[in-house]
file input.txt (compact mmCIF, C-alpha atoms)
# COMPACT_ATOMS: atom_id res chain seq x y z
CA PRO A 1 -192.42 -24.43 -34.90
CA LYS A 2 -194.95 -21.69 -35.57
CA GLU A 3 -198.00 -23.95 -35.21
CA ILE A 4 -196.84 -25.13 -31.77
CA MET A 5 -196.20 -21.54 -30.64
CA ASP A 6 -199.65 -20.53 -31.86
CA GLU A 7 -201.18 -23.40 -29.91
CA PHE A 8 -199.23 -22.50 -26.78
CA THR A 9 -200.05 -18.78 -26.91
CA GLN A 10 -203.68 -19.52 -27.90
CA LYS A 11 -203.66 -16.97 -30.70
CA LYS A 12 -206.95 -18.29 -32.12
CA SER A 13 -208.72 -17.88 -28.76
CA SER A 14 -210.38 -14.68 -27.63
CA LYS A 15 -209.30 -12.84 -24.50
CA MET A 16 -212.44 -13.91 -22.67
CA GLU A 17 -211.83 -17.56 -23.57
CA LYS A 18 -208.23 -17.33 -22.35
CA ASN A 19 -209.34 -15.87 -19.02
CA VAL A 20 -212.03 -18.53 -18.53
CA ARG A 21 -209.60 -21.35 -19.32
CA PHE A 22 -207.06 -19.84 -16.93
CA LEU A 23 -209.61 -19.51 -14.10
CA LEU A 24 -210.89 -23.06 -14.60
CA GLY A 25 -207.37 -24.47 -14.95
CA THR A 26 -208.13 -26.27 -18.21
CA ASP A 27 -205.04 -24.79 -19.89
CA ARG A 28 -202.66 -26.36 -17.35
CA THR A 29 -202.23 -29.65 -19.14
CA ALA A 30 -199.09 -31.74 -19.41
CA ARG A 31 -198.63 -30.65 -23.04
CA ASN A 32 -198.91 -26.95 -22.21
CA ARG A 33 -196.46 -27.39 -19.35
CA THR A 34 -193.99 -29.05 -21.72
CA LEU A 35 -194.39 -26.22 -24.23
CA TYR A 36 -194.01 -23.64 -21.46
CA ASN A 37 -190.75 -25.23 -20.27
CA ALA A 38 -189.44 -25.61 -23.83
CA ALA A 39 -190.05 -21.91 -24.49
CA ARG A 40 -188.03 -20.98 -21.38
CA PRO A 41 -184.91 -23.17 -21.28
CA MET A 42 -182.33 -22.79 -18.53
CA ARG A 43 -179.18 -21.47 -20.14
CA VAL A 44 -175.88 -23.14 -19.20
CA MET A 45 -172.80 -20.94 -19.52
CA GLY A 46 -170.31 -22.60 -21.82
CA GLY A 47 -172.86 -25.10 -23.06
CA VAL A 48 -173.03 -28.84 -22.40
CA SER A 49 -170.81 -31.26 -24.28
CA ASP A 50 -172.04 -34.49 -25.86
CA ALA A 51 -170.10 -36.57 -23.31
CA GLU A 52 -171.70 -34.65 -20.45
CA ILE A 53 -175.16 -35.13 -21.94
CA LYS A 54 -174.49 -38.86 -22.26
CA LEU A 55 -173.45 -39.20 -18.61
CA LEU A 56 -176.31 -37.02 -17.38
CA SER A 57 -178.76 -39.12 -19.38
CA ALA A 58 -177.37 -42.27 -17.78
CA ALA A 59 -177.90 -40.84 -14.28
CA ARG A 60 -181.38 -41.71 -13.04
CA GLY A 61 -183.30 -38.99 -11.28
CA PRO A 62 -182.59 -35.31 -10.61
CA LEU A 63 -180.71 -36.04 -7.38
CA ALA A 64 -178.19 -38.25 -9.22
CA LYS A 65 -177.73 -35.63 -11.94
CA THR A 66 -177.16 -32.86 -9.38
CA ALA A 67 -174.70 -34.98 -7.41
CA LEU A 68 -172.83 -35.80 -10.64
CA CYS A 69 -172.51 -32.11 -11.56
CA THR A 70 -171.31 -31.31 -8.04
CA MET A 71 -168.68 -34.03 -8.27
CA TRP A 72 -167.52 -32.62 -11.62
CA MET A 73 -167.15 -29.17 -10.08
CA GLN A 74 -165.15 -30.45 -7.13
CA GLU A 75 -162.99 -32.51 -9.47
CA PHE A 76 -162.33 -29.40 -11.57
CA ILE A 77 -161.31 -27.41 -8.49
CA THR A 78 -158.98 -30.21 -7.37
CA ARG A 79 -157.32 -30.55 -10.78
CA GLU A 80 -156.82 -26.78 -11.09
CA TYR A 81 -155.28 -26.60 -7.63
CA MET A 82 -152.95 -29.54 -8.31
CA ALA A 83 -151.94 -27.98 -11.63
CA GLY A 84 -150.94 -24.79 -9.80
CA SER A 85 -153.40 -22.48 -11.57
CA THR A 86 -154.51 -21.01 -8.22
CA GLY A 87 -151.03 -19.59 -7.69
CA ASN A 88 -150.01 -18.80 -4.12
CA VAL A 89 -153.55 -18.83 -2.75
CA ALA A 90 -153.53 -20.49 0.66
CA PRO A 91 -155.23 -23.92 0.97
CA PRO A 92 -157.76 -22.66 3.59
CA ILE A 93 -159.01 -20.11 1.07
CA VAL A 94 -159.26 -22.73 -1.69
CA SER A 95 -161.19 -24.99 0.68
CA ARG A 96 -163.97 -22.38 0.72
CA LEU A 97 -164.76 -23.42 -2.84
CA TYR A 98 -165.56 -26.93 -1.62
CA GLN A 99 -167.64 -25.40 1.17
CA LEU A 100 -169.65 -23.41 -1.36
CA CYS A 101 -170.34 -26.60 -3.33
CA THR A 102 -171.54 -28.22 -0.11
CA ASP A 103 -173.78 -25.23 0.66
CA GLY A 104 -175.29 -25.53 -2.80
CA MET A 105 -176.11 -29.21 -2.23
CA VAL A 106 -177.63 -28.37 1.16
CA GLY A 107 -179.89 -25.77 -0.46
CA TYR A 108 -180.84 -28.21 -3.20
CA ASN A 109 -181.79 -30.90 -0.70
CA GLN A 110 -183.87 -28.39 1.28
CA ALA A 111 -185.78 -27.48 -1.90
CA ARG A 112 -186.05 -31.17 -2.77
CA LYS A 113 -187.75 -31.89 0.54
CA VAL A 114 -190.33 -29.20 -0.20
CA ALA A 115 -191.00 -30.68 -3.64
CA TYR A 116 -191.03 -34.39 -2.76
CA ILE A 117 -192.63 -34.48 0.69
CA PRO A 118 -196.35 -33.98 0.02
CA PHE A 119 -198.91 -32.32 2.23
CA PRO A 120 -200.52 -34.87 4.59
CA PHE A 121 -202.86 -36.88 2.41
CA VAL A 122 -205.62 -37.24 4.99
CA HIS A 123 -205.67 -33.50 5.70
CA ALA A 124 -205.87 -32.67 1.99
CA GLN A 125 -208.71 -35.16 1.42
CA ILE A 126 -210.69 -33.84 4.40
CA ALA A 127 -210.28 -30.27 3.18
CA ALA A 128 -211.48 -31.23 -0.31
CA LEU A 129 -214.41 -33.19 1.19
CA PHE A 130 -215.60 -30.28 3.30
CA ILE A 131 -215.45 -27.96 0.30
CA VAL A 132 -217.74 -30.36 -1.56
CA VAL A 133 -220.07 -30.44 1.45
CA LEU A 134 -220.14 -26.64 1.64
CA LEU A 135 -221.28 -26.29 -1.96
CA PRO A 136 -224.93 -27.37 -1.26
CA VAL A 137 -225.02 -26.45 2.44
CA VAL A 138 -224.01 -22.78 2.24
CA PRO A 139 -226.80 -21.81 -0.21
CA LEU A 140 -229.39 -23.43 2.09
CA LEU A 141 -228.05 -21.56 5.09
CA MET A 142 -228.04 -18.26 3.24
CA LEU A 143 -231.64 -18.73 2.06
CA THR A 144 -232.67 -19.54 5.63
CA PHE A 145 -231.06 -16.59 7.40
CA VAL A 146 -231.08 -13.92 4.63
CA ASP A 147 -234.34 -12.54 3.29
CA PRO A 148 -233.30 -10.96 -0.03
CA ALA A 149 -232.51 -13.72 -2.49
CA TRP A 150 -229.92 -11.64 -4.34
CA LEU A 151 -228.05 -10.97 -1.09
CA GLY A 152 -228.06 -14.68 -0.21
CA ALA A 153 -226.74 -15.57 -3.66
CA LEU A 154 -224.02 -12.93 -3.37
CA LEU A 155 -222.90 -14.11 0.08
CA THR A 156 -222.97 -17.71 -1.12
CA PHE A 157 -220.78 -16.89 -4.11
CA PHE A 158 -218.13 -15.06 -2.07
CA SER A 159 -218.14 -17.68 0.72
CA ILE A 160 -217.59 -20.58 -1.68
CA LEU A 161 -215.05 -18.53 -3.64
CA CYS A 162 -213.08 -17.87 -0.44
CA PHE A 163 -212.91 -21.54 0.59
CA CYS A 164 -212.08 -22.76 -2.93
CA GLY A 165 -209.43 -20.06 -3.28
CA LEU A 166 -207.73 -21.08 -0.05
CA HIS A 167 -207.76 -24.70 -1.20
CA GLU A 168 -206.15 -23.80 -4.55
CA VAL A 169 -203.50 -21.65 -2.82
CA ALA A 170 -202.59 -24.64 -0.63
CA ARG A 171 -202.22 -26.80 -3.76
CA GLU A 172 -199.95 -24.21 -5.36
CA LEU A 173 -197.73 -23.95 -2.29
CA GLU A 174 -197.36 -27.72 -2.02
CA ASN A 175 -194.82 -27.83 -4.86
CA PRO A 176 -193.57 -24.41 -6.05
CA PHE A 177 -190.88 -25.84 -8.37
CA LYS A 178 -193.00 -26.96 -11.34
CA ASN A 179 -191.81 -24.08 -13.56
CA GLU A 180 -195.36 -22.91 -14.22
CA PRO A 181 -196.65 -19.32 -14.45
CA ASN A 182 -197.77 -19.25 -10.79
CA ASP A 183 -194.67 -20.96 -9.41
CA ILE A 184 -191.16 -19.74 -8.60
CA PRO A 185 -189.55 -18.20 -11.75
CA LEU A 186 -186.67 -20.67 -11.94
CA VAL A 187 -185.59 -19.61 -15.43
CA THR A 188 -185.45 -15.94 -14.41
CA ILE A 189 -183.41 -16.77 -11.30
CA GLN A 190 -181.00 -18.85 -13.40
CA ALA A 191 -180.63 -16.01 -15.92
CA GLN A 192 -179.91 -13.52 -13.12
CA PHE A 193 -177.31 -15.89 -11.66
CA ASN A 194 -175.60 -16.26 -15.05
CA GLU A 195 -175.60 -12.48 -15.47
CA ALA A 196 -174.02 -12.09 -12.03
CA LEU A 197 -171.26 -14.55 -12.98
CA LEU A 198 -170.54 -12.72 -16.23
CA VAL A 199 -170.33 -9.36 -14.48
CA MET A 200 -168.22 -10.76 -11.63
CA TYR A 201 -165.61 -12.17 -14.01
CA ALA A 202 -165.68 -9.18 -16.39
CA GLY A 203 -162.40 -7.79 -15.09
CA TYR A 204 -160.68 -5.79 -12.40
CA HIS A 205 -162.32 -2.99 -10.48
CA PRO A 206 -161.96 0.24 -12.50
CA ASP A 207 -160.76 2.20 -9.44
CA ALA A 208 -158.36 -0.47 -8.18
CA TRP A 209 -155.06 0.67 -6.73
CA TRP A 210 -153.06 -1.81 -8.79
CA ASN A 211 -152.24 -1.30 -12.45
CA LEU A 212 -154.52 -3.00 -14.96
CA PRO A 213 -153.12 -5.38 -17.61
CA THR A 214 -151.94 -3.60 -20.75
CA GLU A 215 -151.92 -5.15 -24.20
CA ASN A 216 -148.59 -5.07 -25.99
CA VAL A 217 -149.80 -4.55 -29.54
CA THR A 218 -146.40 -4.84 -31.18
CA GLU A 219 -145.41 -8.17 -29.63
CA GLY A 220 -148.92 -9.64 -29.26
CA PHE A 221 -148.88 -10.54 -25.55
CA THR A 222 -150.21 -9.06 -22.32
CA THR A 223 -147.92 -7.60 -19.68
CA ILE A 224 -149.09 -7.24 -16.09
CA PRO A 225 -147.03 -4.78 -14.02
CA GLU A 226 -146.25 -6.04 -10.52
CA ASN A 227 -146.25 -3.25 -7.92
CA GLY A 228 -145.60 -0.79 -10.75
CA ASN A 229 -141.99 -2.02 -11.22
CA GLY A 230 -142.28 -3.56 -14.64
CA PRO A 231 -143.81 -6.52 -16.51
CA VAL A 232 -144.18 -9.92 -14.93
call {"tool": "encode", "arguments": {"input": "input.txt", "output": "C-alpha cells"}}
result
Amino acid sequence: PKEIMDEFTQKKSSKMEKNVRFLLGTDRTARNRTLYNAARPMRVMGGVSDAEIKLLSAARGPLAKTALCTMWMQEFITREYMAGSTGNVAPPIVSRLYQLCTDGMVGYNQARKVAYIPFPFVHAQIAALFIVVLLPVVPLLMLTFVDPAWLGALLTFFSILCFCGLHEVARELENPFKNEPNDIPLVTIQAQFNEALLVMYAGYHPDAWWNLPTENVTEGFTTIPENGNGPV
C-alpha cells in the first residue's frame, strides 16, 4: 500500500532527519526490517505451488525447510533418471547432480554457523563496558594533556568515534545475513543466480558445430538433425 511505502521510504522526513536517524540507528526497527524484506522478495523461478507452501509451512525452522527443498530436488533428479529423460548420459555424470546438491547444503550449513554461533558473550560485554568507561575518561585525559580546549574536544570526539565505530562494525559482522542495507545483498545474489539459470538454459551455443533444431512450420513439430543425416 502507498501509505506503508511512504512510511518505509520516510517521504515526510527531511534529508537531515533521515541521515540522523540512520546514524543513530533508530530507523532499524523490526517493522522497518519487515517492510524492507517485503519490498525485496526473493524470486523463485516457476513459482511455488500451494502444496509446496503447505509443506514448507509445516516444516519448523529454516534448516528443515532447506533440507526439505534439497530432498525434493534429489527426488526430482531420481524420477527423471528412472523415467529415462536423461537419455544415454552415464550414471557417473548424473551422480554429479547429487554432488552439487550436497555442496549446496555444505555451503548453507557453513553460512548457518556464521549466523547462529554468536560472538563470545563475555568478550562482547567487556568491549561494550570499556567503551562506556572511555566516554568520561577520554575527555578528562585530553583536558589534562592538551592545552587548547578545542583541540582536546576534537581529539576526544575522534577517539570515541573510532572506538564506537569499531564496536558497531563488529556487531554488523556478527550476523551478515539479516537482509538489511548494510548486510550481504541476498536478494541481488538470488536475482543474479536466476538470471544465470535463464541464460544457461536459453539454448544451444550459436557457433556450435552441430545443427540447431529447426521448426517444421507445415507439420507443427520440431526436427533435430543427427550428424547432419536427417531428422531424428
call {"tool": "residues_around", "arguments": {"input": "input.txt", "residues": "Met42 (chain A)", "least_positions_apart": "6", "cutoff": "8 Å", "atoms": "all atoms listed in the file", "output": "VMD selection string"}}
result
chain A and resid 187 190 to 191
call {"tool": "closest_residue", "arguments": {"input": "input.txt", "among": "A:Ala111, A:Cys101, A:Ala124, A:Met200", "to": "Ile184 (chain A)", "atoms": "all atoms listed in the file"}}
result
A:Ala111
call {"tool": "residues_around", "arguments": {"input": "input.txt", "residues": "region 68-78 of chain A", "least_positions_apart": "3", "cutoff": "8 Å", "atoms": "all atoms listed in the file", "output": "PyMOL selection string"}}
result
chain A and resi 56+64-65+81-82+97-98+101+105
call {"tool": "residues_near_point", "arguments": {"input": "input.txt", "point": "(-213.1, -24.1, -0.2)", "cutoff": "8 Å", "atoms": "all atoms listed in the file", "output": "list in words"}}
result
Ala127, Ala128, Phe130, Ile131, Val132, Leu134, Ile160, Leu161, Cys162, Phe163, Cys164, Gly165, Leu166 and His167 of chain A
call {"tool": "closest_residue", "arguments": {"input": "input.txt", "among": "A:Val94, A:Glu174, A:Leu100, A:Val89", "to": "Phe121 (chain A)", "atoms": "only C-alpha atoms"}}
result
A:Glu174
call {"tool": "atom_distance", "arguments": {"input": "input.txt", "atom1": "CA of Val114 (chain A)", "atom2": "CA of Leu173 (chain A)"}}
result
9.3 Å
call {"tool": "residues_around", "arguments": {"input": "input.txt", "residues": "Leu63 (chain A)", "least_positions_apart": "3", "cutoff": "9 Å", "atoms": "all atoms listed in the file", "output": "count of residues only"}}
result
8
call {"tool": "atom_distance", "arguments": {"input": "input.txt", "atom1": "CA of Asn194 (chain A)", "atom2": "CA of Arg43 (chain A)"}}
result
8.1 Å
call {"tool": "atom_distance", "arguments": {"input": "input.txt", "atom1": "CA of Phe158 (chain A)", "atom2": "CA of Leu135 (chain A)"}}
result
11.7 Å
call {"tool": "closest_residue", "arguments": {"input": "input.txt", "among": "A:Val199, A:Ala153, A:Ala30, A:Ala170", "to": "His123 (chain A)", "atoms": "all atoms listed in the file"}}
result
A:Ala170
call {"tool": "closest_residue", "arguments": {"input": "input.txt", "among": "A:Pro148, A:Tyr201, A:Ser49, A:Lys113", "to": "Pro176 (chain A)", "atoms": "all atoms listed in the file"}}
result
A:Lys113
call {"tool": "build_atoms", "arguments": {"input": "input.txt", "residues": "region 99-135 of chain A", "atoms": "N, CA and C atoms", "output": "PDB file, in the frame of the given file"}}
result
ATOM      1  N   GLN A  99    -166.552 -25.724   0.250  1.00  0.00           N
ATOM      2  CA  GLN A  99    -167.640 -25.400   1.170  1.00  0.00           C
ATOM      3  C   GLN A  99    -168.831 -24.801   0.433  1.00  0.00           C
ATOM      4  N   LEU A 100    -168.563 -23.982  -0.582  1.00  0.00           N
ATOM      5  CA  LEU A 100    -169.650 -23.410  -1.360  1.00  0.00           C
ATOM      6  C   LEU A 100    -170.396 -24.487  -2.147  1.00  0.00           C
ATOM      7  N   CYS A 101    -169.666 -25.473  -2.660  1.00  0.00           N
ATOM      8  CA  CYS A 101    -170.340 -26.600  -3.330  1.00  0.00           C
ATOM      9  C   CYS A 101    -171.228 -27.352  -2.354  1.00  0.00           C
ATOM     10  N   THR A 102    -170.736 -27.542  -1.133  1.00  0.00           N
ATOM     11  CA  THR A 102    -171.540 -28.220  -0.110  1.00  0.00           C
ATOM     12  C   THR A 102    -172.773 -27.400   0.242  1.00  0.00           C
ATOM     13  N   ASP A 103    -172.622 -26.083   0.357  1.00  0.00           N
ATOM     14  CA  ASP A 103    -173.780 -25.230   0.660  1.00  0.00           C
ATOM     15  C   ASP A 103    -174.823 -25.308  -0.456  1.00  0.00           C
ATOM     16  N   GLY A 104    -174.351 -25.388  -1.697  1.00  0.00           N
ATOM     17  CA  GLY A 104    -175.290 -25.530  -2.800  1.00  0.00           C
ATOM     18  C   GLY A 104    -176.073 -26.828  -2.727  1.00  0.00           C
ATOM     19  N   MET A 105    -175.412 -27.931  -2.378  1.00  0.00           N
ATOM     20  CA  MET A 105    -176.110 -29.210  -2.230  1.00  0.00           C
ATOM     21  C   MET A 105    -177.080 -29.187  -1.058  1.00  0.00           C
ATOM     22  N   VAL A 106    -176.711 -28.492   0.020  1.00  0.00           N
ATOM     23  CA  VAL A 106    -177.630 -28.370   1.160  1.00  0.00           C
ATOM     24  C   VAL A 106    -178.894 -27.622   0.745  1.00  0.00           C
ATOM     25  N   GLY A 107    -178.722 -26.513   0.016  1.00  0.00           N
ATOM     26  CA  GLY A 107    -179.890 -25.770  -0.460  1.00  0.00           C
ATOM     27  C   GLY A 107    -180.737 -26.582  -1.416  1.00  0.00           C
ATOM     28  N   TYR A 108    -180.080 -27.363  -2.280  1.00  0.00           N
ATOM     29  CA  TYR A 108    -180.840 -28.210  -3.200  1.00  0.00           C
ATOM     30  C   TYR A 108    -181.650 -29.262  -2.455  1.00  0.00           C
ATOM     31  N   ASN A 109    -181.064 -29.874  -1.453  1.00  0.00           N
ATOM     32  CA  ASN A 109    -181.790 -30.900  -0.700  1.00  0.00           C
ATOM     33  C   ASN A 109    -182.938 -30.291   0.113  1.00  0.00           C
ATOM     34  N   GLN A 110    -182.768 -29.047   0.593  1.00  0.00           N
ATOM     35  CA  GLN A 110    -183.870 -28.390   1.280  1.00  0.00           C
ATOM     36  C   GLN A 110    -185.038 -28.151   0.316  1.00  0.00           C
ATOM     37  N   ALA A 111    -184.727 -27.669  -0.903  1.00  0.00           N
ATOM     38  CA  ALA A 111    -185.780 -27.480  -1.900  1.00  0.00           C
ATOM     39  C   ALA A 111    -186.387 -28.815  -2.336  1.00  0.00           C
ATOM     40  N   ARG A 112    -185.559 -29.853  -2.375  1.00  0.00           N
ATOM     41  CA  ARG A 112    -186.050 -31.170  -2.770  1.00  0.00           C
ATOM     42  C   ARG A 112    -187.045 -31.716  -1.753  1.00  0.00           C
ATOM     43  N   LYS A 113    -186.811 -31.441  -0.476  1.00  0.00           N
ATOM     44  CA  LYS A 113    -187.750 -31.890   0.540  1.00  0.00           C
ATOM     45  C   LYS A 113    -189.104 -31.205   0.382  1.00  0.00           C
ATOM     46  N   VAL A 114    -189.067 -29.917   0.022  1.00  0.00           N
ATOM     47  CA  VAL A 114    -190.330 -29.200  -0.200  1.00  0.00           C
ATOM     48  C   VAL A 114    -191.085 -29.799  -1.382  1.00  0.00           C
ATOM     49  N   ALA A 115    -190.357 -30.188  -2.431  1.00  0.00           N
ATOM     50  CA  ALA A 115    -191.000 -30.680  -3.640  1.00  0.00           C
ATOM     51  C   ALA A 115    -191.473 -32.126  -3.516  1.00  0.00           C
ATOM     52  N   TYR A 116    -190.736 -32.955  -2.766  1.00  0.00           N
ATOM     53  CA  TYR A 116    -191.030 -34.390  -2.760  1.00  0.00           C
ATOM     54  C   TYR A 116    -191.835 -34.844  -1.548  1.00  0.00           C
ATOM     55  N   ILE A 117    -191.828 -34.083  -0.472  1.00  0.00           N
ATOM     56  CA  ILE A 117    -192.630 -34.480   0.690  1.00  0.00           C
ATOM     57  C   ILE A 117    -193.995 -33.824   0.554  1.00  0.00           C
ATOM     58  N   PRO A 118    -195.039 -34.579   0.272  1.00  0.00           N
ATOM     59  CA  PRO A 118    -196.350 -33.980   0.020  1.00  0.00           C
ATOM     60  C   PRO A 118    -197.033 -33.534   1.308  1.00  0.00           C
ATOM     61  N   PHE A 119    -198.063 -32.704   1.113  1.00  0.00           N
ATOM     62  CA  PHE A 119    -198.910 -32.320   2.230  1.00  0.00           C
ATOM     63  C   PHE A 119    -199.606 -33.567   2.751  1.00  0.00           C
ATOM     64  N   PRO A 120    -199.861 -33.654   4.066  1.00  0.00           N
ATOM     65  CA  PRO A 120    -200.520 -34.870   4.590  1.00  0.00           C
ATOM     66  C   PRO A 120    -201.765 -35.234   3.803  1.00  0.00           C
ATOM     67  N   PHE A 121    -201.793 -36.457   3.313  1.00  0.00           N
ATOM     68  CA  PHE A 121    -202.860 -36.880   2.410  1.00  0.00           C
ATOM     69  C   PHE A 121    -204.235 -36.800   3.066  1.00  0.00           C
ATOM     70  N   VAL A 122    -204.323 -37.232   4.304  1.00  0.00           N
ATOM     71  CA  VAL A 122    -205.620 -37.240   4.990  1.00  0.00           C
ATOM     72  C   VAL A 122    -206.147 -35.816   5.155  1.00  0.00           C
ATOM     73  N   HIS A 123    -205.254 -34.892   5.524  1.00  0.00           N
ATOM     74  CA  HIS A 123    -205.670 -33.500   5.700  1.00  0.00           C
ATOM     75  C   HIS A 123    -206.164 -32.913   4.379  1.00  0.00           C
ATOM     76  N   ALA A 124    -205.462 -33.194   3.293  1.00  0.00           N
ATOM     77  CA  ALA A 124    -205.870 -32.670   1.990  1.00  0.00           C
ATOM     78  C   ALA A 124    -207.218 -33.252   1.562  1.00  0.00           C
ATOM     79  N   GLN A 125    -207.445 -34.548   1.803  1.00  0.00           N
ATOM     80  CA  GLN A 125    -208.710 -35.160   1.420  1.00  0.00           C
ATOM     81  C   GLN A 125    -209.871 -34.622   2.256  1.00  0.00           C
ATOM     82  N   ILE A 126    -209.626 -34.392   3.552  1.00  0.00           N
ATOM     83  CA  ILE A 126    -210.690 -33.840   4.400  1.00  0.00           C
ATOM     84  C   ILE A 126    -211.033 -32.422   3.968  1.00  0.00           C
ATOM     85  N   ALA A 127    -210.018 -31.634   3.634  1.00  0.00           N
ATOM     86  CA  ALA A 127    -210.280 -30.270   3.180  1.00  0.00           C
ATOM     87  C   ALA A 127    -211.092 -30.271   1.889  1.00  0.00           C
ATOM     88  N   ALA A 128    -210.726 -31.138   0.931  1.00  0.00           N
ATOM     89  CA  ALA A 128    -211.480 -31.230  -0.310  1.00  0.00           C
ATOM     90  C   ALA A 128    -212.912 -31.715  -0.065  1.00  0.00           C
ATOM     91  N   LEU A 129    -213.086 -32.665   0.877  1.00  0.00           N
ATOM     92  CA  LEU A 129    -214.410 -33.190   1.190  1.00  0.00           C
ATOM     93  C   LEU A 129    -215.315 -32.110   1.777  1.00  0.00           C
ATOM     94  N   PHE A 130    -214.785 -31.311   2.688  1.00  0.00           N
ATOM     95  CA  PHE A 130    -215.600 -30.280   3.300  1.00  0.00           C
ATOM     96  C   PHE A 130    -215.960 -29.174   2.308  1.00  0.00           C
ATOM     97  N   ILE A 131    -215.101 -28.926   1.340  1.00  0.00           N
ATOM     98  CA  ILE A 131    -215.450 -27.960   0.300  1.00  0.00           C
ATOM     99  C   ILE A 131    -216.631 -28.477  -0.523  1.00  0.00           C
ATOM    100  N   VAL A 132    -216.618 -29.774  -0.833  1.00  0.00           N
ATOM    101  CA  VAL A 132    -217.740 -30.360  -1.560  1.00  0.00           C
ATOM    102  C   VAL A 132    -219.017 -30.301  -0.731  1.00  0.00           C
ATOM    103  N   VAL A 133    -218.893 -30.495   0.577  1.00  0.00           N
ATOM    104  CA  VAL A 133    -220.070 -30.440   1.450  1.00  0.00           C
ATOM    105  C   VAL A 133    -220.605 -29.009   1.533  1.00  0.00           C
ATOM    106  N   LEU A 134    -219.701 -28.029   1.529  1.00  0.00           N
ATOM    107  CA  LEU A 134    -220.140 -26.640   1.640  1.00  0.00           C
ATOM    108  C   LEU A 134    -220.897 -26.149   0.411  1.00  0.00           C
ATOM    109  N   LEU A 135    -220.630 -26.748  -0.741  1.00  0.00           N
ATOM    110  CA  LEU A 135    -221.280 -26.290  -1.960  1.00  0.00           C
ATOM    111  C   LEU A 135    -222.813 -26.326  -1.877  1.00  0.00           C
TER     112      LEU A 135
END
